Amino acid sequence: GLQPDIVMTALDSDVIKTYVELGLGVGITASQAFNPQRDIGLKALDSEHLFEASTTRLAVRTGHYLRDFAYRFIELCSPELEEDIVRQRIQHAGT
């Protein structure tokens, strides 16, 4: 039942964390943005119950060559999308 008083926004999680460290309020970031070893002046609180799940989509060009880091990134986003599966889908998309 609380109404937030949002007076500042930022797109970059490091900027948000800096604002919080400076005592300018609380910040909302993705859990992946918090590193307990680096962010020692901050405390992460679970807020999953406050927000709906969101979907992120990745797009690649059909038949396009991807470098190894791109495959690793895709797999980090969705572990079931291993390199072999992504290669097959890129090569056979639209057929």
# chains A, B, ... in the order shown; residues from 1 in each chain; ligands from 1
$ residues_around --residues "range 26-37 of chain A" --least-positions-apart "3" --cutoff "12 Å" --atoms "only C-alpha atoms" --output "CSV table (one decimal) with all heavy atoms, in the first residue's frame"
chain,number,residue,atom,x,y,z
A,4,PRO,N,5.6,4.8,-3.9
A,4,PRO,CA,7.0,5.3,-4.0
A,4,PRO,C,7.1,6.7,-4.4
A,4,PRO,O,6.3,7.2,-5.2
A,4,PRO,CB,7.6,4.3,-5.1
A,4,PRO,CG,6.4,3.9,-5.9
A,4,PRO,CD,5.2,3.9,-4.9
A,5,ASP,N,8.2,7.4,-3.9
A,5,ASP,CA,8.5,8.7,-4.3
A,5,ASP,C,9.7,8.7,-5.2
A,5,ASP,O,10.8,8.8,-4.7
A,5,ASP,CB,8.7,9.6,-3.1
A,5,ASP,CG,9.0,11.0,-3.5
A,5,ASP,OD1,8.7,11.5,-4.6
A,5,ASP,OD2,9.5,11.8,-2.6
A,6,ILE,N,9.6,8.4,-6.5
A,6,ILE,CA,10.7,8.2,-7.4
A,6,ILE,C,11.2,9.6,-7.9
A,6,ILE,O,10.4,10.3,-8.6
A,6,ILE,CB,10.4,7.3,-8.6
A,6,ILE,CG1,9.9,5.9,-8.0
A,6,ILE,CG2,11.5,7.2,-9.5
A,6,ILE,CD1,9.3,5.0,-9.1
A,7,VAL,N,12.4,10.0,-7.5
A,7,VAL,CA,12.9,11.3,-7.9
A,7,VAL,C,14.1,11.2,-8.8
A,7,VAL,O,14.5,12.2,-9.3
A,7,VAL,CB,13.3,12.1,-6.7
A,7,VAL,CG1,12.0,12.4,-5.8
A,7,VAL,CG2,14.3,11.4,-5.8
A,8,MET,N,14.6,10.0,-9.0
A,8,MET,CA,15.7,9.8,-9.9
A,8,MET,C,15.7,8.4,-10.5
A,8,MET,O,15.3,7.4,-9.8
A,8,MET,CB,17.0,10.0,-9.0
A,8,MET,CG,18.3,9.9,-9.8
A,8,MET,SD,19.7,10.1,-8.6
A,8,MET,CE,19.3,11.5,-7.6
A,9,THR,N,16.1,8.3,-11.7
A,9,THR,CA,16.2,7.0,-12.4
A,9,THR,C,17.6,6.9,-13.1
A,9,THR,O,18.1,8.0,-13.4
A,9,THR,CB,15.1,6.7,-13.4
A,9,THR,OG1,15.2,7.7,-14.4
A,9,THR,CG2,13.7,6.8,-12.7
A,10,ALA,N,18.0,5.7,-13.3
A,10,ALA,CA,19.3,5.5,-14.1
A,10,ALA,C,19.2,4.2,-14.8
A,10,ALA,O,18.5,3.2,-14.2
A,10,ALA,CB,20.5,5.5,-13.2
A,11,LEU,N,19.8,4.0,-15.9
A,11,LEU,CA,19.7,2.8,-16.7
A,11,LEU,C,20.8,1.8,-16.3
A,11,LEU,O,20.7,0.6,-16.5
A,11,LEU,CB,19.7,3.0,-18.2
A,11,LEU,CG,18.5,3.8,-18.7
A,11,LEU,CD1,18.7,4.1,-20.2
A,11,LEU,CD2,17.3,3.0,-18.5
A,12,ASP,N,21.9,2.3,-15.8
A,12,ASP,CA,23.1,1.6,-15.5
A,12,ASP,C,23.1,1.1,-14.0
A,12,ASP,O,23.0,2.0,-13.1
A,12,ASP,CB,24.3,2.4,-15.8
A,12,ASP,CG,25.6,1.6,-15.7
A,12,ASP,OD1,26.1,1.5,-14.5
A,12,ASP,OD2,26.1,1.1,-16.7
A,13,SER,N,23.2,-0.2,-13.8
A,13,SER,CA,23.2,-0.7,-12.4
A,13,SER,C,24.3,-0.1,-11.6
A,13,SER,O,24.2,0.1,-10.4
A,13,SER,CB,23.2,-2.2,-12.4
A,13,SER,OG,24.4,-2.7,-13.0
A,14,ASP,N,25.5,0.1,-12.1
A,14,ASP,CA,26.6,0.7,-11.4
A,14,ASP,C,26.3,2.1,-10.9
A,14,ASP,O,26.6,2.5,-9.8
A,14,ASP,CB,27.9,0.7,-12.2
A,14,ASP,CG,28.5,-0.7,-12.3
A,14,ASP,OD1,28.3,-1.5,-11.4
A,14,ASP,OD2,29.1,-1.0,-13.3
A,15,VAL,N,25.6,2.9,-11.7
A,15,VAL,CA,25.2,4.2,-11.3
A,15,VAL,C,24.1,4.1,-10.2
A,15,VAL,O,24.2,4.9,-9.2
A,15,VAL,CB,24.6,5.0,-12.5
A,15,VAL,CG1,24.0,6.3,-12.1
A,15,VAL,CG2,25.6,5.2,-13.6
A,16,ILE,N,23.2,3.2,-10.3
A,16,ILE,CA,22.2,3.0,-9.3
A,16,ILE,C,22.9,2.7,-8.0
A,16,ILE,O,22.6,3.2,-6.9
A,16,ILE,CB,21.2,2.0,-9.7
A,16,ILE,CG1,20.4,2.4,-10.9
A,16,ILE,CG2,20.3,1.6,-8.5
A,16,ILE,CD1,19.5,1.4,-11.6
A,17,LYS,N,23.8,1.7,-8.0
A,17,LYS,CA,24.5,1.3,-6.8
A,17,LYS,C,25.3,2.4,-6.2
A,17,LYS,O,25.4,2.6,-5.0
A,17,LYS,CB,25.4,0.1,-7.1
A,17,LYS,CG,24.5,-1.2,-7.4
A,17,LYS,CD,25.4,-2.4,-7.5
A,17,LYS,CE,26.3,-2.4,-8.7
A,17,LYS,NZ,27.1,-3.6,-8.9
A,18,THR,N,25.9,3.3,-7.0
A,18,THR,CA,26.6,4.4,-6.5
A,18,THR,C,25.7,5.4,-5.8
A,18,THR,O,26.0,5.9,-4.7
A,18,THR,CB,27.4,5.1,-7.7
A,18,THR,OG1,28.3,4.2,-8.2
A,18,THR,CG2,28.1,6.4,-7.1
A,19,TYR,N,24.5,5.7,-6.4
A,19,TYR,CA,23.6,6.5,-5.7
A,19,TYR,C,23.2,6.0,-4.3
A,19,TYR,O,23.1,6.7,-3.4
A,19,TYR,CB,22.3,6.7,-6.6
A,19,TYR,CG,22.4,7.5,-7.8
A,19,TYR,CD1,21.5,7.3,-8.9
A,19,TYR,CD2,23.4,8.4,-8.0
A,19,TYR,CE1,21.6,8.0,-10.0
A,19,TYR,CE2,23.5,9.1,-9.2
A,19,TYR,CZ,22.6,8.9,-10.2
A,19,TYR,OH,22.7,9.7,-11.3
A,20,VAL,N,23.0,4.7,-4.2
A,20,VAL,CA,22.6,4.1,-3.0
A,20,VAL,C,23.8,4.2,-2.0
A,20,VAL,O,23.6,4.6,-0.8
A,20,VAL,CB,22.2,2.6,-3.2
A,20,VAL,CG1,22.0,1.9,-1.8
A,20,VAL,CG2,20.9,2.5,-4.0
A,21,GLU,N,25.0,3.9,-2.4
A,21,GLU,CA,26.1,4.1,-1.5
A,21,GLU,C,26.3,5.5,-1.0
A,21,GLU,O,26.8,5.7,0.1
A,21,GLU,CB,27.4,3.6,-2.3
A,21,GLU,CG,27.5,2.1,-2.4
A,21,GLU,CD,28.8,1.7,-3.1
A,21,GLU,OE1,29.2,2.3,-4.1
A,21,GLU,OE2,29.4,0.7,-2.7
A,22,LEU,N,25.9,6.5,-1.8
A,22,LEU,CA,26.0,7.9,-1.4
A,22,LEU,C,24.8,8.3,-0.5
A,22,LEU,O,24.7,9.4,0.0
A,22,LEU,CB,26.0,8.8,-2.6
A,22,LEU,CG,27.2,8.7,-3.5
A,22,LEU,CD1,27.1,9.5,-4.8
A,22,LEU,CD2,28.4,9.2,-2.7
A,23,GLY,N,23.9,7.3,-0.2
A,23,GLY,CA,22.8,7.6,0.7
A,23,GLY,C,21.6,8.3,0.1
A,23,GLY,O,20.8,8.9,0.8
A,40,ILE,N,30.6,-4.4,-1.3
A,40,ILE,CA,30.6,-4.6,0.2
A,40,ILE,C,29.8,-3.6,1.0
A,40,ILE,O,29.4,-3.8,2.1
A,40,ILE,CB,32.0,-4.7,0.7
A,40,ILE,CG1,32.8,-3.5,0.3
A,40,ILE,CG2,32.7,-6.0,0.2
A,40,ILE,CD1,34.2,-3.5,0.9
A,41,GLY,N,29.6,-2.4,0.4
A,41,GLY,CA,28.8,-1.4,1.1
A,41,GLY,C,27.3,-1.5,0.9
A,41,GLY,O,26.6,-0.6,1.4
A,42,LEU,N,26.9,-2.5,0.2
A,42,LEU,CA,25.5,-2.6,-0.1
A,42,LEU,C,24.9,-4.0,0.4
A,42,LEU,O,25.7,-4.9,0.7
A,42,LEU,CB,25.3,-2.6,-1.6
A,42,LEU,CG,25.7,-1.3,-2.3
A,42,LEU,CD1,25.6,-1.5,-3.8
A,42,LEU,CD2,24.9,-0.1,-1.9
A,43,LYS,N,23.6,-4.0,0.6
A,43,LYS,CA,23.0,-5.3,0.9
A,43,LYS,C,21.9,-5.5,-0.1
A,43,LYS,O,21.1,-4.7,-0.4
A,43,LYS,CB,22.3,-5.1,2.3
A,43,LYS,CG,21.4,-6.2,2.8
A,43,LYS,CD,22.0,-6.9,4.0
A,43,LYS,CE,21.0,-7.9,4.5
A,43,LYS,NZ,21.5,-9.2,4.3
A,44,ALA,N,21.9,-6.7,-0.6
A,44,ALA,CA,20.8,-7.2,-1.5
A,44,ALA,C,19.7,-7.8,-0.8
A,44,ALA,O,19.8,-8.6,0.1
A,44,ALA,CB,21.4,-8.2,-2.5
A,45,LEU,N,18.5,-7.3,-1.1
A,45,LEU,CA,17.2,-7.9,-0.5
A,45,LEU,C,16.4,-8.5,-1.6
A,45,LEU,O,16.3,-7.9,-2.7
A,45,LEU,CB,16.4,-6.7,0.1
A,45,LEU,CG,17.1,-5.9,1.2
A,45,LEU,CD1,16.2,-4.8,1.7
A,45,LEU,CD2,17.5,-6.8,2.4
A,46,ASP,N,15.9,-9.7,-1.3
A,46,ASP,CA,15.0,-10.3,-2.3
A,46,ASP,C,13.7,-9.6,-2.5
A,46,ASP,O,13.0,-9.4,-1.5
A,46,ASP,CB,14.8,-11.8,-1.9
A,46,ASP,CG,13.9,-12.6,-2.9
A,46,ASP,OD1,13.8,-12.1,-4.0
A,46,ASP,OD2,13.4,-13.6,-2.5
A,47,SER,N,13.4,-9.2,-3.7
A,47,SER,CA,12.2,-8.5,-4.0
A,47,SER,C,11.4,-9.2,-5.1
A,47,SER,O,10.5,-8.6,-5.7
A,47,SER,CB,12.5,-7.0,-4.4
A,47,SER,OG,13.3,-7.0,-5.5
A,48,GLU,N,11.7,-10.4,-5.3
A,48,GLU,CA,11.1,-11.2,-6.4
A,48,GLU,C,9.5,-11.2,-6.2
A,48,GLU,O,8.8,-11.2,-7.2
A,48,GLU,CB,11.6,-12.6,-6.4
A,48,GLU,CG,11.2,-13.4,-7.6
A,48,GLU,CD,11.9,-14.7,-7.7
A,48,GLU,OE1,13.1,-14.8,-7.5
A,48,GLU,OE2,11.2,-15.7,-7.9
A,50,LEU,N,7.7,-8.9,-5.4
A,50,LEU,CA,7.1,-7.5,-5.7
A,50,LEU,C,6.9,-7.3,-7.1
A,50,LEU,O,6.2,-6.4,-7.5
A,50,LEU,CB,8.0,-6.4,-5.1
A,50,LEU,CG,8.2,-6.4,-3.6
A,50,LEU,CD1,9.2,-5.4,-3.2
A,50,LEU,CD2,6.9,-6.2,-2.8
A,51,PHE,N,7.6,-8.0,-8.0
A,51,PHE,CA,7.6,-7.8,-9.4
A,51,PHE,C,7.2,-9.0,-10.2
A,51,PHE,O,7.6,-10.1,-9.9
A,51,PHE,CB,9.0,-7.3,-9.9
A,51,PHE,CG,9.5,-6.1,-9.1
A,51,PHE,CD1,10.4,-6.2,-8.0
A,51,PHE,CD2,9.1,-4.8,-9.5
A,51,PHE,CE1,10.8,-5.1,-7.4
A,51,PHE,CE2,9.5,-3.7,-8.8
A,51,PHE,CZ,10.4,-3.9,-7.7
A,53,ALA,N,7.6,-11.5,-13.4
A,53,ALA,CA,8.7,-12.0,-14.2
A,53,ALA,C,8.8,-11.2,-15.5
A,53,ALA,O,7.7,-10.9,-16.0
A,53,ALA,CB,8.6,-13.5,-14.4
A,54,SER,N,9.9,-11.0,-16.0
A,54,SER,CA,10.1,-10.4,-17.3
A,54,SER,C,10.8,-11.3,-18.3
A,54,SER,O,11.5,-12.2,-17.9
A,54,SER,CB,10.8,-9.1,-17.2
A,54,SER,OG,12.1,-9.3,-16.8
A,76,LEU,N,24.6,-18.3,-21.1
A,76,LEU,CA,24.4,-17.7,-19.8
A,76,LEU,C,23.0,-17.2,-19.6
A,76,LEU,O,22.4,-17.3,-18.5
A,76,LEU,CB,25.4,-16.5,-19.6
A,76,LEU,CG,26.8,-16.9,-19.3
A,76,LEU,CD1,27.7,-15.6,-19.4
A,76,LEU,CD2,27.0,-17.6,-18.0
A,77,CYS,N,22.4,-16.7,-20.7
A,77,CYS,CA,21.0,-16.2,-20.6
A,77,CYS,C,20.0,-17.3,-20.5
A,77,CYS,O,19.0,-17.2,-19.8
A,77,CYS,CB,20.7,-15.4,-21.8
A,77,CYS,SG,21.5,-13.8,-21.9
$ residues_around --residues "range 59-61 of chain A" --least-positions-apart "5" --cutoff "12 Å" --atoms "only C-alpha atoms" --output "PyMOL selection string"
chain A and resi 66-67+70-71+74+86-87+89-94
$ atom_distance --atom1 "CA of Glu83 in chain A" --atom2 "CA of Asp68 in chain A"
8.7 Å
$ atom_distance --atom1 "CA of Arg72 in chain A" --atom2 "CA of His49 in chain A"
29.5 Å
$ select_by_dssp --residues "chain A" --states "helix (DSSP H, G or I)" --output "JSON, numbers by chain"
{"A": [13, 14, 15, 16, 17, 18, 19, 20, 21, 31, 32, 33, 48, 49, 50, 68, 69, 70, 71, 72, 73, 74, 75, 76, 77, 83, 84, 85, 86, 87, 88, 89, 90, 91, 92]}
$ write_last_selection --atoms "N, CA, C and O atoms" --output "tab-separated table (two decimals), in the first residue's frame"
chain	number	residue	atom	x	y	z
A	13	SER	N	23.24	-0.17	-13.78
A	13	SER	CA	23.20	-0.67	-12.40
A	13	SER	C	24.34	-0.12	-11.55
A	13	SER	O	24.16	0.10	-10.35
A	14	ASP	N	25.51	0.13	-12.13
A	14	ASP	CA	26.61	0.70	-11.36
A	14	ASP	C	26.28	2.12	-10.89
A	14	ASP	O	26.64	2.51	-9.78
A	15	VAL	N	25.59	2.88	-11.72
A	15	VAL	CA	25.16	4.23	-11.33
A	15	VAL	C	24.15	4.13	-10.19
A	15	VAL	O	24.23	4.86	-9.20
A	16	ILE	N	23.21	3.23	-10.32
A	16	ILE	CA	22.19	3.03	-9.28
A	16	ILE	C	22.86	2.66	-7.96
A	16	ILE	O	22.56	3.23	-6.91
A	17	LYS	N	23.80	1.73	-8.01
A	17	LYS	CA	24.49	1.30	-6.78
A	17	LYS	C	25.30	2.44	-6.18
A	17	LYS	O	25.36	2.58	-4.96
A	18	THR	N	25.89	3.28	-7.01
A	18	THR	CA	26.64	4.43	-6.50
A	18	THR	C	25.71	5.40	-5.79
A	18	THR	O	26.03	5.91	-4.71
A	19	TYR	N	24.54	5.67	-6.36
A	19	TYR	CA	23.56	6.54	-5.71
A	19	TYR	C	23.19	5.99	-4.34
A	19	TYR	O	23.10	6.74	-3.36
A	20	VAL	N	22.97	4.69	-4.25
A	20	VAL	CA	22.60	4.07	-2.98
A	20	VAL	C	23.76	4.20	-1.98
A	20	VAL	O	23.55	4.55	-0.81
A	21	GLU	N	24.98	3.94	-2.43
A	21	GLU	CA	26.14	4.06	-1.54
A	21	GLU	C	26.30	5.49	-1.01
A	21	GLU	O	26.80	5.70	0.09
A	31	SER	N	19.29	-9.02	-10.08
A	31	SER	CA	20.13	-9.73	-9.11
A	31	SER	C	21.54	-9.97	-9.63
A	31	SER	O	22.50	-9.98	-8.86
A	32	GLN	N	21.69	-10.13	-10.95
A	32	GLN	CA	23.00	-10.35	-11.54
A	32	GLN	C	23.92	-9.15	-11.38
A	32	GLN	O	25.13	-9.26	-11.49
A	33	ALA	N	23.37	-7.97	-11.12
A	33	ALA	CA	24.18	-6.76	-10.99
A	33	ALA	C	24.84	-6.66	-9.62
A	33	ALA	O	25.73	-5.84	-9.43
A	48	GLU	N	11.72	-10.42	-5.31
A	48	GLU	CA	11.06	-11.18	-6.38
A	48	GLU	C	9.54	-11.18	-6.22
A	48	GLU	O	8.81	-11.16	-7.21
A	49	HIS	N	9.09	-11.18	-4.99
A	49	HIS	CA	7.64	-11.22	-4.73
A	49	HIS	C	6.94	-9.91	-5.08
A	49	HIS	O	5.72	-9.85	-5.14
A	50	LEU	N	7.70	-8.85	-5.36
A	50	LEU	CA	7.11	-7.55	-5.65
A	50	LEU	C	6.93	-7.27	-7.14
A	50	LEU	O	6.19	-6.36	-7.51
A	68	ASP	N	32.65	-17.12	-30.46
A	68	ASP	CA	32.49	-17.95	-29.27
A	68	ASP	C	31.83	-17.21	-28.10
A	68	ASP	O	31.01	-17.77	-27.39
A	69	PHE	N	32.22	-15.94	-27.90
A	69	PHE	CA	31.66	-15.21	-26.76
A	69	PHE	C	30.15	-15.03	-26.90
A	69	PHE	O	29.43	-14.98	-25.90
A	70	ALA	N	29.66	-14.94	-28.13
A	70	ALA	CA	28.22	-14.79	-28.33
A	70	ALA	C	27.49	-16.06	-27.90
A	70	ALA	O	26.43	-15.99	-27.27
A	71	TYR	N	28.05	-17.21	-28.24
A	71	TYR	CA	27.45	-18.47	-27.80
A	71	TYR	C	27.47	-18.58	-26.28
A	71	TYR	O	26.50	-19.05	-25.68
A	72	ARG	N	28.56	-18.15	-25.64
A	72	ARG	CA	28.65	-18.20	-24.18
A	72	ARG	C	27.59	-17.29	-23.56
A	72	ARG	O	26.96	-17.65	-22.58
A	73	PHE	N	27.41	-16.09	-24.15
A	73	PHE	CA	26.42	-15.15	-23.64
A	73	PHE	C	25.02	-15.74	-23.75
A	73	PHE	O	24.23	-15.68	-22.80
A	74	ILE	N	24.70	-16.32	-24.89
A	74	ILE	CA	23.38	-16.93	-25.08
A	74	ILE	C	23.15	-18.03	-24.05
A	74	ILE	O	22.09	-18.14	-23.44
A	75	GLU	N	24.18	-18.84	-23.82
A	75	GLU	CA	24.05	-19.93	-22.85
A	75	GLU	C	23.92	-19.41	-21.42
A	75	GLU	O	23.20	-20.00	-20.61
A	76	LEU	N	24.57	-18.28	-21.11
A	76	LEU	CA	24.41	-17.68	-19.79
A	76	LEU	C	22.97	-17.19	-19.59
A	76	LEU	O	22.41	-17.28	-18.50
A	77	CYS	N	22.38	-16.68	-20.65
A	77	CYS	CA	21.00	-16.20	-20.58
A	77	CYS	C	20.01	-17.35	-20.48
A	77	CYS	O	18.98	-17.24	-19.80
A	83	GLU	N	25.64	-24.32	-27.47
A	83	GLU	CA	26.15	-23.88	-28.77
A	83	GLU	C	25.64	-24.73	-29.92
A	83	GLU	O	25.23	-24.20	-30.96
A	84	ASP	N	25.64	-26.04	-29.79
A	84	ASP	CA	25.19	-26.91	-30.88
A	84	ASP	C	23.73	-26.64	-31.25
A	84	ASP	O	23.37	-26.62	-32.44
A	85	ILE	N	22.90	-26.42	-30.25
A	85	ILE	CA	21.48	-26.16	-30.50
A	85	ILE	C	21.31	-24.82	-31.21
A	85	ILE	O	20.56	-24.70	-32.18
A	86	VAL	N	22.04	-23.79	-30.75
A	86	VAL	CA	21.94	-22.46	-31.37
A	86	VAL	C	22.44	-22.51	-32.81
A	86	VAL	O	21.80	-21.98	-33.71
A	87	ARG	N	23.57	-23.18	-33.04
A	87	ARG	CA	24.11	-23.31	-34.41
A	87	ARG	C	23.07	-23.95	-35.34
A	87	ARG	O	22.84	-23.47	-36.45
A	88	GLN	N	22.45	-25.00	-34.87
A	88	GLN	CA	21.46	-25.72	-35.69
A	88	GLN	C	20.28	-24.81	-36.00
A	88	GLN	O	19.80	-24.74	-37.13
A	89	ARG	N	19.80	-24.06	-34.99
A	89	ARG	CA	18.63	-23.19	-35.20
A	89	ARG	C	18.96	-22.03	-36.12
A	89	ARG	O	18.11	-21.62	-36.92
A	90	ILE	N	20.17	-21.49	-36.02
A	90	ILE	CA	20.56	-20.38	-36.90
A	90	ILE	C	20.65	-20.85	-38.33
A	90	ILE	O	20.20	-20.19	-39.27
A	91	GLN	N	21.20	-22.04	-38.54
A	91	GLN	CA	21.39	-22.56	-39.91
A	91	GLN	C	20.08	-22.97	-40.55
A	91	GLN	O	19.92	-22.87	-41.76
A	92	HIS	N	19.12	-23.45	-39.74
A	92	HIS	CA	17.89	-23.99	-40.29
A	92	HIS	C	16.67	-23.10	-40.08
A	92	HIS	O	15.55	-23.49	-40.37
$ atom_distance --atom1 "CA of Glu52 in chain A" --atom2 "CA of Leu81 in chain A"
23.6 Å
$ decode --residues "range 56-65 of chain A" --atoms "all heavy atoms" --output "PDB file, in the first residue's frame"
ATOM      1  N   THR A  56      13.297 -11.756 -21.585  1.00  0.00           N
ATOM      2  CA  THR A  56      14.316 -11.154 -22.438  1.00  0.00           C
ATOM      3  C   THR A  56      14.426 -12.009 -23.686  1.00  0.00           C
ATOM      4  O   THR A  56      14.446 -13.232 -23.610  1.00  0.00           O
ATOM      5  CB  THR A  56      15.674 -11.113 -21.717  1.00  0.00           C
ATOM      6  OG1 THR A  56      15.531 -10.338 -20.526  1.00  0.00           O
ATOM      7  CG2 THR A  56      16.752 -10.523 -22.590  1.00  0.00           C
ATOM      8  N   ARG A  57      14.492 -11.368 -24.819  1.00  0.00           N
ATOM      9  CA  ARG A  57      14.608 -12.091 -26.079  1.00  0.00           C
ATOM     10  C   ARG A  57      15.948 -11.767 -26.722  1.00  0.00           C
ATOM     11  O   ARG A  57      16.413 -10.638 -26.663  1.00  0.00           O
ATOM     12  CB  ARG A  57      13.469 -11.715 -27.014  1.00  0.00           C
ATOM     13  CG  ARG A  57      12.105 -12.043 -26.438  1.00  0.00           C
ATOM     14  CD  ARG A  57      10.998 -11.743 -27.419  1.00  0.00           C
ATOM     15  NE  ARG A  57       9.703 -11.833 -26.818  1.00  0.00           N
ATOM     16  CZ  ARG A  57       9.037 -12.954 -26.595  1.00  0.00           C
ATOM     17  NH1 ARG A  57       9.559 -14.104 -26.934  1.00  0.00           N
ATOM     18  NH2 ARG A  57       7.844 -12.939 -26.047  1.00  0.00           N
ATOM     19  N   LEU A  58      16.544 -12.764 -27.328  1.00  0.00           N
ATOM     20  CA  LEU A  58      17.792 -12.603 -28.068  1.00  0.00           C
ATOM     21  C   LEU A  58      17.503 -12.869 -29.531  1.00  0.00           C
ATOM     22  O   LEU A  58      16.789 -13.813 -29.856  1.00  0.00           O
ATOM     23  CB  LEU A  58      18.851 -13.588 -27.568  1.00  0.00           C
ATOM     24  CG  LEU A  58      19.226 -13.497 -26.094  1.00  0.00           C
ATOM     25  CD1 LEU A  58      20.113 -14.666 -25.695  1.00  0.00           C
ATOM     26  CD2 LEU A  58      19.905 -12.187 -25.801  1.00  0.00           C
ATOM     27  N   ALA A  59      18.078 -12.074 -30.400  1.00  0.00           N
ATOM     28  CA  ALA A  59      17.870 -12.275 -31.835  1.00  0.00           C
ATOM     29  C   ALA A  59      19.225 -12.367 -32.522  1.00  0.00           C
ATOM     30  O   ALA A  59      20.153 -11.640 -32.178  1.00  0.00           O
ATOM     31  CB  ALA A  59      17.071 -11.117 -32.417  1.00  0.00           C
ATOM     32  N   VAL A  60      19.331 -13.295 -33.449  1.00  0.00           N
ATOM     33  CA  VAL A  60      20.530 -13.428 -34.280  1.00  0.00           C
ATOM     34  C   VAL A  60      20.075 -13.577 -35.727  1.00  0.00           C
ATOM     35  O   VAL A  60      18.971 -14.043 -36.000  1.00  0.00           O
ATOM     36  CB  VAL A  60      21.415 -14.624 -33.858  1.00  0.00           C
ATOM     37  CG1 VAL A  60      21.974 -14.415 -32.464  1.00  0.00           C
ATOM     38  CG2 VAL A  60      20.644 -15.923 -33.901  1.00  0.00           C
ATOM     39  N   ARG A  61      20.940 -13.173 -36.630  1.00  0.00           N
ATOM     40  CA  ARG A  61      20.597 -13.264 -38.048  1.00  0.00           C
ATOM     41  C   ARG A  61      20.743 -14.697 -38.531  1.00  0.00           C
ATOM     42  O   ARG A  61      21.704 -15.385 -38.217  1.00  0.00           O
ATOM     43  CB  ARG A  61      21.505 -12.352 -38.861  1.00  0.00           C
ATOM     44  CG  ARG A  61      21.194 -10.894 -38.629  1.00  0.00           C
ATOM     45  CD  ARG A  61      22.139  -9.982 -39.363  1.00  0.00           C
ATOM     46  NE  ARG A  61      22.113 -10.254 -40.786  1.00  0.00           N
ATOM     47  CZ  ARG A  61      22.932  -9.684 -41.641  1.00  0.00           C
ATOM     48  NH1 ARG A  61      23.841  -8.836 -41.232  1.00  0.00           N
ATOM     49  NH2 ARG A  61      22.858  -9.964 -42.928  1.00  0.00           N
ATOM     50  N   THR A  62      19.798 -15.128 -39.332  1.00  0.00           N
ATOM     51  CA  THR A  62      19.844 -16.463 -39.923  1.00  0.00           C
ATOM     52  C   THR A  62      21.112 -16.603 -40.755  1.00  0.00           C
ATOM     53  O   THR A  62      21.426 -15.734 -41.565  1.00  0.00           O
ATOM     54  CB  THR A  62      18.613 -16.699 -40.819  1.00  0.00           C
ATOM     55  OG1 THR A  62      17.446 -16.535 -40.020  1.00  0.00           O
ATOM     56  CG2 THR A  62      18.629 -18.088 -41.421  1.00  0.00           C
ATOM     57  N   GLY A  63      21.826 -17.685 -40.544  1.00  0.00           N
ATOM     58  CA  GLY A  63      23.034 -17.963 -41.304  1.00  0.00           C
ATOM     59  C   GLY A  63      24.220 -17.104 -40.929  1.00  0.00           C
ATOM     60  O   GLY A  63      25.278 -17.213 -41.534  1.00  0.00           O
ATOM     61  N   HIS A  64      24.086 -16.262 -39.925  1.00  0.00           N
ATOM     62  CA  HIS A  64      25.154 -15.349 -39.528  1.00  0.00           C
ATOM     63  C   HIS A  64      26.177 -16.073 -38.646  1.00  0.00           C
ATOM     64  O   HIS A  64      25.827 -16.895 -37.814  1.00  0.00           O
ATOM     65  CB  HIS A  64      24.556 -14.164 -38.766  1.00  0.00           C
ATOM     66  CG  HIS A  64      25.509 -13.060 -38.488  1.00  0.00           C
ATOM     67  ND1 HIS A  64      25.993 -12.239 -39.477  1.00  0.00           N
ATOM     68  CD2 HIS A  64      26.059 -12.646 -37.334  1.00  0.00           C
ATOM     69  CE1 HIS A  64      26.812 -11.355 -38.934  1.00  0.00           C
ATOM     70  NE2 HIS A  64      26.861 -11.582 -37.633  1.00  0.00           N
ATOM     71  N   TYR A  65      27.450 -15.739 -38.838  1.00  0.00           N
ATOM     72  CA  TYR A  65      28.521 -16.324 -38.030  1.00  0.00           C
ATOM     73  C   TYR A  65      28.538 -15.656 -36.657  1.00  0.00           C
ATOM     74  O   TYR A  65      28.530 -14.435 -36.550  1.00  0.00           O
ATOM     75  CB  TYR A  65      29.882 -16.113 -38.731  1.00  0.00           C
ATOM     76  CG  TYR A  65      31.057 -16.523 -37.885  1.00  0.00           C
ATOM     77  CD1 TYR A  65      31.400 -17.869 -37.764  1.00  0.00           C
ATOM     78  CD2 TYR A  65      31.811 -15.587 -37.200  1.00  0.00           C
ATOM     79  CE1 TYR A  65      32.480 -18.259 -36.991  1.00  0.00           C
ATOM     80  CE2 TYR A  65      32.879 -15.965 -36.416  1.00  0.00           C
ATOM     81  CZ  TYR A  65      33.212 -17.304 -36.318  1.00  0.00           C
ATOM     82  OH  TYR A  65      34.274 -17.682 -35.532  1.00  0.00           O
TER      83      TYR A  65
END
